[in-house]
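Next comes target_21.txt, with compact mmCIF, C-alpha atoms.
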```
# COMPACT_ATOMS: atom_id res chain seq x y z
CA ALA A 203 0.58 15.26 -143.20
CA LEU A 204 -0.34 11.62 -143.46
CA PRO A 205 2.10 9.38 -145.27
CA ILE A 206 1.38 8.96 -148.94
CA PHE A 207 -0.12 5.60 -149.75
CA ARG A 208 1.20 3.96 -152.87
CA SER A 209 0.03 0.86 -154.64
CA THR A 210 2.38 -0.88 -156.98
CA ILE A 211 1.46 -2.61 -160.19
CA ARG A 212 3.55 -5.54 -161.40
CA ARG A 213 4.54 -5.52 -165.05
CA GLN A 214 3.61 -8.64 -166.98
CA SER A 215 6.67 -8.61 -169.25
CA THR A 216 10.30 -7.74 -168.70
CA ALA A 217 10.58 -5.83 -171.98
CA SER A 218 10.22 -2.07 -171.88
CA PRO A 219 6.66 -1.12 -172.80
CA SER A 220 5.93 1.32 -175.56
CA ALA A 221 4.19 4.60 -174.69
CA GLY A 222 0.85 3.09 -175.72
CA GLU A 223 1.40 -0.04 -173.62
CA MET A 224 2.45 2.03 -170.61
CA SER A 225 -0.68 4.13 -170.88
CA ALA A 226 -2.86 1.01 -171.08
CA GLU A 227 -1.12 -0.45 -168.03
CA MET A 228 -1.77 2.66 -166.01
CA ASP A 229 -5.43 2.79 -167.02
CA SER A 230 -6.19 -0.84 -166.25
CA PRO A 231 -4.06 -2.38 -163.50
CA SER A 232 -3.52 -6.12 -163.55
CA ASP A 233 -6.10 -8.20 -161.69
CA ASP A 234 -3.54 -9.81 -159.38
CA VAL A 235 -2.65 -6.53 -157.62
CA PRO A 236 -5.58 -4.99 -155.74
CA LEU A 237 -5.54 -1.22 -155.35
CA GLU A 238 -6.94 0.21 -152.14
CA SER A 239 -9.48 2.99 -152.41
CA GLY A 240 -8.83 6.18 -150.47
CA ASN A 241 -11.63 5.22 -148.07
CA GLN A 242 -10.04 1.82 -147.41
CA GLN A 243 -6.68 3.50 -146.83
CA LEU A 244 -8.24 5.90 -144.32
CA GLU A 245 -10.00 3.01 -142.59
CA LYS A 246 -6.69 1.14 -142.35
CA LYS A 247 -4.96 4.24 -140.95
CA LEU A 248 -7.69 4.73 -138.32
CA ARG A 249 -7.47 1.09 -137.31
CA GLY A 250 -3.68 1.39 -137.10
CA GLU A 251 -4.09 4.12 -134.49
CA GLY A 252 -6.61 2.04 -132.56
CA LEU A 253 -9.56 4.22 -133.56
CA ASN A 254 -12.90 2.64 -134.46
CA PRO A 255 -13.19 3.10 -138.24
CA ALA A 256 -17.01 2.78 -138.27
CA TYR A 257 -17.31 5.65 -135.77
CA TRP A 258 -14.50 7.91 -136.99
CA LEU A 259 -15.19 7.59 -140.73
CA THR A 260 -18.69 8.89 -140.00
CA LYS A 261 -17.39 11.75 -137.82
CA LEU A 262 -14.73 12.74 -140.37
CA LYS A 263 -17.36 12.85 -143.11
CA GLU A 264 -20.03 14.68 -141.07
CA THR A 265 -17.69 17.17 -139.40
CA LEU A 266 -15.07 17.88 -142.08
CA GLY A 267 -16.36 16.30 -145.29
CA VAL A 268 -13.35 13.96 -145.38
CA THR A 269 -14.02 10.61 -147.00
CA ASP A 270 -10.55 9.38 -148.02
CA ALA A 271 -6.91 9.28 -146.99
CA GLN A 272 -5.87 11.85 -149.60
CA ALA A 273 -8.18 14.50 -148.13
CA ALA A 274 -7.14 13.58 -144.59
CA GLN A 275 -3.52 14.48 -145.43
CA HIS A 276 -4.52 18.13 -145.51
CA LEU A 277 -6.18 18.34 -142.10
CA SER A 278 -4.77 20.80 -139.59
CA TYR A 279 -4.89 21.55 -135.89
CA GLU A 280 -8.06 23.58 -136.41
CA ASP A 281 -9.67 20.49 -137.96
CA TYR A 282 -8.53 18.43 -134.98
CA LEU A 283 -10.30 20.91 -132.68
CA LYS A 284 -13.54 20.29 -134.60
CA LEU A 285 -13.13 16.53 -134.07
CA GLU A 286 -12.15 16.75 -130.40
CA PRO A 287 -15.74 17.06 -129.06
CA HIS A 288 -16.47 13.65 -130.62
CA VAL A 289 -13.72 11.88 -128.65
CA GLN A 290 -15.21 9.05 -126.59
CA HIS A 291 -12.09 8.09 -124.63
CA VAL A 292 -9.21 10.20 -123.33
CA TRP A 293 -6.61 8.22 -125.33
CA GLU A 294 -8.41 9.02 -128.60
CA ARG A 295 -7.16 12.62 -128.42
CA GLN A 296 -3.57 11.42 -128.74
CA ALA A 297 -4.51 8.90 -131.44
CA LEU A 298 -6.21 11.63 -133.49
CA LYS A 299 -3.20 13.91 -133.10
CA LYS A 300 -0.95 11.09 -134.29
CA LEU A 301 -3.28 10.35 -137.22
CA LEU A 302 -3.23 14.02 -138.25
CA CYS A 303 0.53 14.35 -137.55
CA ILE A 304 -0.04 17.05 -134.94
CA SER A 305 2.69 17.26 -132.32
CA ASP A 306 2.33 18.71 -128.84
CA SER A 307 4.70 21.50 -129.91
CA ASP A 308 2.26 22.40 -132.74
CA VAL A 309 -0.50 22.70 -130.13
CA THR A 310 1.66 24.86 -127.86
CA VAL A 311 2.65 27.21 -130.70
CA LYS A 312 -0.99 27.55 -131.82
CA LYS A 313 -2.18 28.35 -128.27
CA TRP A 314 0.61 30.93 -127.89
CA GLN A 315 -0.32 32.54 -131.22
CA ASP A 316 -3.99 32.68 -130.22
CA ARG A 317 -3.11 34.49 -126.97
CA LYS A 318 -1.07 37.10 -128.84
CA SER A 319 -3.86 37.93 -131.31
```

I'd like the structure from this file rewritten - as structure tokens, please.
Amino acid sequence: ALPIFRSTIRRQSTASPSAGEMSAEMDSPSDDVPLESGNQQLEKKLRGEGLNPAYWLTKLKETLGVTDAQAAQHLSYEDYLKLEPHVQHVWERQALKKLLCISDSDVTVKKWQDRKS
């Protein structure tokens, strides 16, 4: 699974907020702390693996219906196999596996299970 992305919100005062104040803070974050959208987080993650976000965001959406980092956390080896035909360079296979947290041992186990069934 992909790491969980968290955005922090700075409190304006040092006093403990009441329940009503806390609720208001959570509903409307302060302007000085930008929150990344799930799409921006996924774009950042793709870029971090060296994958072209413009290309792969489109492929993730068209192939798997994934448009944000939260949905991408739930992708599996089977989903990787659906993306593999869209790989443009050999190294992208490894980058996709890393993005989806798929190890070579996961691939080996899956192939072994497929042979047995």

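Distances to Val268 of chain A were evaluated for A:Lys247, A:Asp281, A:Lys300, A:Ser305 using all atoms listed in the file, and the minimum falls at A:Asp281.
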
For segment 292-298 of chain A, I'd like the enclosing box, axis-aligned and padded by 6 Å on every side, reported as lines of an AutoDock Vina configuration file with centre and edge lengths in Å to one decimal.
```
center_x = -6.4
center_y = 10.4
center_z = -128.4
size_x = 17.6
size_y = 16.4
size_z = 22.2
```

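Restricting the calculation to only C-alpha atoms, the smallest distance between Glu294 of chain A and any of A:Leu266, A:Leu253, A:Ala273, A:Leu244 is found for A:Leu253.
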
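What separates atom CA of His291 of chain A from atom CA of Ala274 of chain A is a distance of 21.3 Å.
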
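The space separating atom CA of Ala256 of chain A from atom CA of Thr269 of chain A comes to 12.1 Å.
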
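Among the candidates A:Ile304, A:Lys318, A:Lys284, A:Val292, the residue lying nearest to Gly267 of chain A is A:Lys284 (atoms considered: all atoms listed in the file).
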
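Comparing A:Leu298, A:Trp293, A:Ser239, A:Glu286 by their smallest distance to Gln272 of chain A, the closest is A:Ser239 (using all atoms listed in the file).
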
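Closest approach to Gln242 of chain A from the set A:Asp270, A:Ser278, A:Gln290, A:Gln296 is made by A:Asp270, with distances taken over only C-alpha atoms.
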
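Between Leu285 of chain A and the candidates A:Asp316, A:Ala297, A:Thr265, A:Thr260, the tightest atom-to-atom separation, counting all atoms listed in the file, involves A:Thr265.
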
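In this structure, atom CA of Asp306 of chain A sits 22.8 Å away from atom CA of Lys261 of chain A.
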